[in-house]
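> Quick one: the structure is below, questions incoming.
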Amino acid sequence: MRILVVGRGTGEESLPNGHSVSFASHATSESAIVDIQAFDFVLQHIGPANPEAQDAIKHWQDLGHGHKLLGLTGGERPISYYHLKIPWIENAATQLAVLNLNWAAVPTDFAGSGTDLLGFLLTHSLENLIALAILCQGYLVLNAEYDATAHRWGPPEILPALTQMGVRDSNFVRPLLDIKKAGMSRQEIVREYWLKPFGLWKEAEKEESADDPKWAEFERIVKKEWGSSTGAENDSLTAMLTDLKGGKELPSLAVVADAYCEIARRLGSSPCVRV
Amino acid sequence: MNSAFQKRCGEFNHDWLKNQYLTALGSWLNLLDGRISDSALERSFVSEILPQWEGARVQAESLACDFEINMSPRTLLNTPPLSRLDDPTKEWLGETIHQLWMRRVRVSEIVSAVLREIDGADQAYGRLRQALCTCSNTESGEAMRSLRSEFSEFRSCCQRVARAFELFPGEVRAA
Amino acid sequence: MRLPRILIIDDLFGRTLVGRRNEERARLCGQYLLKDVTGDEEGRSSLTINSPVAEVVFLRGQKPSRSVIGDVVENDPDGILQTVRSGDWSMVLLDLCFYTGRVTEESDRKTAGVPKGRDGDDDPRRYFGLQVLELLHREFPDLPVVILSSKSRNEVSLEFSSKGALGFLPRGDEGSPEALGEYILKHGLIPDESDEIIGNSKPILLSLRAARLAARNRKNVLLLGERGTGKELFARYIGRHRPVATSEFVIVNSAELTPELFASALFGIEDRTATGVKKRIGLIEEANGGDLFFDEVKDMPPLIQAAILRAIEQREIARQGSEDRKIQVDVRFLSATNADLERMSEEGSFRSDLLDRLRDGGTIYLPPLRERKEDIPLLVEKFVRDAESHLAGALVRQIEPAALQKLCTYDWPGNIRELRGCVFRAVSEYPDVEHLVPVHVHLPNERMSQSSVPLRPAIAKVEPKRELAEGSGDLDGLIERIEGFQFDPNNRGDLVGKLTKVRRAYAGLLSRYLATALSATSKSTPDNPEGEIQITAAIKLMRGDKTVTTSQAFDEVKRLLKESPELDPLLERAYRYVLSLRPTKPKSSGKKQ
């Protein structure tokens, strides 16, 4: 698909799935409204910076291109634009915000309307949160200990997480993991376990830098997958990533357990029950 | 991520069982009760629609047996980002999360429940077919009115199969 | 009786097939006893529904509606909105999962015309049905939408609830026509099947729905409406729709009872041999097991209010002359008034605790006739026929459109009762004609209303800039004077009865402030050269706060105008506009309108 984005700077970018986007700062060129025949969709910013926008939209609608049009704002859609009757993308204040919409989800043979396109753009996959949840499980099971006297797993601060994951009895897969634990006792192996899936582990140097732009990108992606946060709901996940980024410390079992519970809740499970 | 298994499951339970077979059974019972008349349904129900169960039963059993291996979170280790781990790690981690999932989701119980309902429906189908052998005209709703309870019992069993399939998680669950 | 008309939006059942019937659709209709009136299939169907639950129009919700091998099928939300706009629907049943993509030979073989589907089509987070639900709820907040799906309810229960669906009908369950019928009765916009309450307009259908929901339990209900809007008829309607039938329906007309007679009328009198008074059962006891309808409850004397409150709380009464002998009662109180009981309770003339009890099952607002003028033709038809049957020798007449048009120009402050009187006079004064024409219709005062069609929420246009009145302008000075104003406790005469006036003056000041801010911030646009109001901008101006969001601004407008005694056209339109986009939830719990 070819997308035109008006009002978010200039340039050309390739999108996932082979789609492409052209950026233009205004909908007019040499006093004439641009021809959008060649584009599949047009995202038009509407606001003081684009005073020509409403005229352009009307013009394109009159030419029969109404189904291609989406409105774009940096914040909430202004009420005075409700009458335009086009679908809206809100809170897309920058070129990057537009590029970060979920273009990867839009099929290559998509031929629907702008309203239908919105359904793809506004949802996101959770592959990194899922991966972190799995890594937490492996790490916690590896480091858990069974108290034969109390007949339960521990240490106590990770018990809610273990129970949530499905650790039930003393015969649980533990014997198989004793061998693996020996191999996982070295810090660099543990760090490789956590960082390699996300492209943060540098094989040659066996160390990584917290300043590496890949860390910033990874944190940004995790934040995007998490969605809007209201307070302390992912404090432990943040702490765990900070510990990993720091390079010196391994995240503590308690932090990993709490991070697992947070991610599990975010992925739709019921909360871990505190004992 | 929608796996091939999830597609198969959806095709069986949603596309066929609920959207087609159960609506046909519901419509048929209303016909036997005199609430509707539909000559096209009368002609085709016993000969074409009802026997669809036979092939569907095999499909349903296959789905139940394939559930564990296809919906285990172990499959997530085959795709990025976790596919970047080395093979030994993937092996022990995969086994760990698989065992956790088996216990957390009570997979064995769910599979047993589903197979039980499939078997129950199949037995009800057998009884219905036997009763139909005594029927002089299987293209007349009126002639089959006396078999309403057998049809109703079979429909109830099929509804239980549909509900049992709802026990299968709709996606691979990592946590 | 007219069947409810339902729109079913579903990719499988809504698709049109070339040259043959949609078998899946036929079976669905057979299962739910639905009469298909879509009209997109050629030839005559072999399916006949003997007692249909509803008429149904099917909509695929995708383009093309008729697809063959090779076609690419896409979702069509704009087409859906267009269809919903074009009809009067009792209810919409909406599927969740819509398959898109190319129709292949394999997919067509499985189910004709259905595409193979794309990744994400059956991802619960991306169900097209949930997107449609959101669009419908935004544009048609009063339209009842119920999910009808074979997908698991658990996957989407939070989403469909928060996006405005009223329920979830799982496909394939037993007792389907009954389940659907129950949903229609509970949530559908359907008229009164007994034709006692006449009307097909949305305001009256919403009130009827609220009444049916309220009828489902034994809690007390408050009916609010102007005079002549049919409060008693609504109370009877609630009585008819209770889950367990009962014939006890007793009416108390508070305005006809003197304070002295109230107690004996309501609670009854025990035998008093000394005075010769015979035992009389009170109205509450008479209504035991059923409903007691209090008309004009605002006229209930304070002492009686206290006694009624006790009766409601303790579910027992005592007859006069036998105060020690308690009688258990199980009565639902249906109260009606045209007064602002909330204000009366703040002023102390109506007990607030009694008010809370009287409306603990909900408050139902009866629309005035001027808000449902599209029902006038139906009402006139009924009243003309009633008049003809009552007036011996009156001819049966045709009601001419011009006469109806004239009747629609008036606002009917006396509502249905006034309209009935006018029509009755038209028939009785002209008994020997075959046509009811404008000259027969004498409107009270021959006063014309401002519009002949019901007002609808619309983009509000601003009035031309107002001329400043004398004495206006110094708002800071006014605020200073208000803050400095002192009440004199020694001058009781000056304190008596001023609360309502002060409140009105304050509310009027705020509404004038808002109107002026709207005028000051209005903006000319190509579509509205006279000026279009900017609600958020006006509130930002009034608050001096640039961070105000649209939803905050709307809520502020509702607060400012809620208490206003009367609104000029600008504020009226602004208020309706705000309410249309951000409706107010009813005050009592659990009852939707």
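So you can find residues: chains in the structure tokens are A, B, ... in the order shown, residues in each start at 1, and ligands are numbered from 1 in order.
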Could you give me the residues within region 18-244 of chain C that DSSP places in helix (DSSP H, G or I), as a PyMOL selection string?
chain C and resi 23-32+77-86+105-110+124-126+128-139+153-162+176-187+202-215+231-240
> Identify all chain B residues at most 12 Å from chain A by counting only C-alpha atoms; ligands do not count. Present them as a short mmCIF file (atom, residue, chain, number, x, y, z; two decimals) with C-alpha atoms, in the first residue's frame.

```
data_model
loop_
_atom_site.label_atom_id
_atom_site.label_comp_id
_atom_site.auth_asym_id
_atom_site.auth_seq_id
_atom_site.Cartn_x
_atom_site.Cartn_y
_atom_site.Cartn_z
CA MET B 1 -0.62 -15.67 16.76
CA PRO B 73 3.70 -22.53 25.13
CA ARG B 74 6.69 -24.58 24.03
CA THR B 75 5.73 -23.55 20.48
CA LEU B 76 6.61 -19.96 21.35
CA LEU B 77 10.28 -20.95 21.42
CA ASN B 78 10.12 -21.49 17.66
CA THR B 79 9.42 -17.86 16.88
CA PRO B 80 11.22 -14.62 17.68
CA PRO B 81 12.32 -13.40 20.08
CA LEU B 82 12.80 -16.68 21.99
CA SER B 83 13.95 -18.55 18.88
CA ARG B 84 17.24 -16.68 19.29
CA LEU B 85 18.15 -18.71 22.39
CA ASP B 86 20.59 -21.54 21.89
CA ASP B 87 19.25 -25.05 21.42
CA PRO B 88 20.16 -26.52 24.83
CA THR B 89 18.44 -23.61 26.57
CA LYS B 90 15.40 -23.97 24.38
CA GLU B 91 15.21 -27.63 25.24
CA TRP B 92 15.13 -27.34 29.04
CA LEU B 93 13.14 -24.13 29.00
CA GLY B 94 10.60 -25.64 26.61
CA GLU B 95 10.14 -28.70 28.79
CA THR B 96 9.82 -26.51 31.90
CA ILE B 97 7.15 -24.21 30.55
CA HIS B 98 5.33 -27.12 28.98
CA GLN B 99 5.08 -28.93 32.31
CA LEU B 100 4.06 -25.73 34.05
CA TRP B 101 1.35 -25.17 31.48
CA MET B 102 0.08 -28.75 31.75
CA ARG B 103 -0.53 -28.22 35.45
CA ARG B 104 -1.64 -24.61 35.33
CA VAL B 105 -4.29 -25.17 32.64
CA ARG B 106 -5.11 -28.76 33.73
CA VAL B 107 -4.67 -29.94 30.19
CA GLU B 171 -4.55 -18.87 22.20
CA VAL B 172 -1.18 -20.13 23.31
CA ARG B 173 -0.88 -18.98 26.90
CA ALA B 174 2.52 -18.01 28.15
CA ALA B 175 1.46 -17.19 31.72
#
```
> Report as a Markdown table the residues of chain C within 7 Å of chain A, each with its shortest atom pair and distance in Å (one decimal), using only C-alpha atoms, ordered by chain and increasing residue number.

```
| residue | atom | partner | partner_atom | distance |
| --- | --- | --- | --- | --- |
| C:Glu74 | CA | A:Gly112 | CA | 5.1 |
| C:Asn75 | CA | A:Gly112 | CA | 6.2 |
| C:Asp76 | CA | A:Ser113 | CA | 6.8 |
| C:Pro77 | CA | A:Thr115 | CA | 6.4 |
| C:Arg126 | CA | A:Gly119 | CA | 6.8 |
| C:Gln131 | CA | A:Gly119 | CA | 6.9 |
| C:Gln534 | CA | A:Ser80 | CA | 6.5 |
```
> Keeping C-alpha atoms for every residue in the selection just given, could you write it to a file as a CSV table (one decimal), in the first residue's frame?

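As a result, out16.csv now contains:
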```
chain,number,residue,atom,x,y,z
C,74,GLU,CA,-13.1,-6.6,3.1
C,75,ASN,CA,-15.0,-5.3,6.1
C,76,ASP,CA,-17.2,-2.4,5.4
C,77,PRO,CA,-17.8,-0.3,8.6
C,126,ARG,CA,-9.1,-7.5,16.8
C,131,GLN,CA,-14.9,-2.2,16.3
C,534,GLN,CA,-16.5,25.6,20.3
```
> Between B:Gly126, B:Pro51, B:Gly170, B:Gly120, single out the one closest to chain C, counting only C-alpha atoms.
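Of B:Gly126, B:Pro51, B:Gly170, B:Gly120, the one nearest chain C is B:Gly170, counting only C-alpha atoms.
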> Distance CA of His65 (chain A)-CA of Ile36 (chain A), one decimal place?
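Here the two named atoms are 8.1 Å from each other.
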> Name the residues in contact with region 110-118 of chain B at a cut-off of 9 Å, using only C-alpha atoms, excluding same-chain residues fewer than 6 positions from it; report them as a ChimeraX atom specification.
/B:57,60-61,64-65,67-68,157-158,160-165,167-168
> With a cut-off of 6 Å and counting only C-alpha atoms, select all residues of chain C in contact with chain B and give the selection as a VMD selection string.
chain C and resid 27 to 28 30 to 31 46 to 50 150 172
> Can you list, as a ChimeraX atom specification, every protein, DNA or RNA residue that comes within 12 Å of Ser194 (chain C) when you count only C-alpha atoms, leaving out same-chain residues fewer than 5 positions away?
/C:1-2,199,233,236-237,240-241
> Excluding Thr134 (chain B) and any residue of its chain fewer than 6 positions from it, enumerate the residues within 12 Å of it, using only C-alpha atoms, and give them as a VMD selection string.
chain B and resid 127 to 128 143 to 144 146 to 147
> Between CA of Leu180 (chain C) and CA of Val244 (chain C), what is the distance, to one decimal in Å?
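Separating CA of Leu180 (chain C) from CA of Val244 (chain C) is a distance of 20.0 Å.
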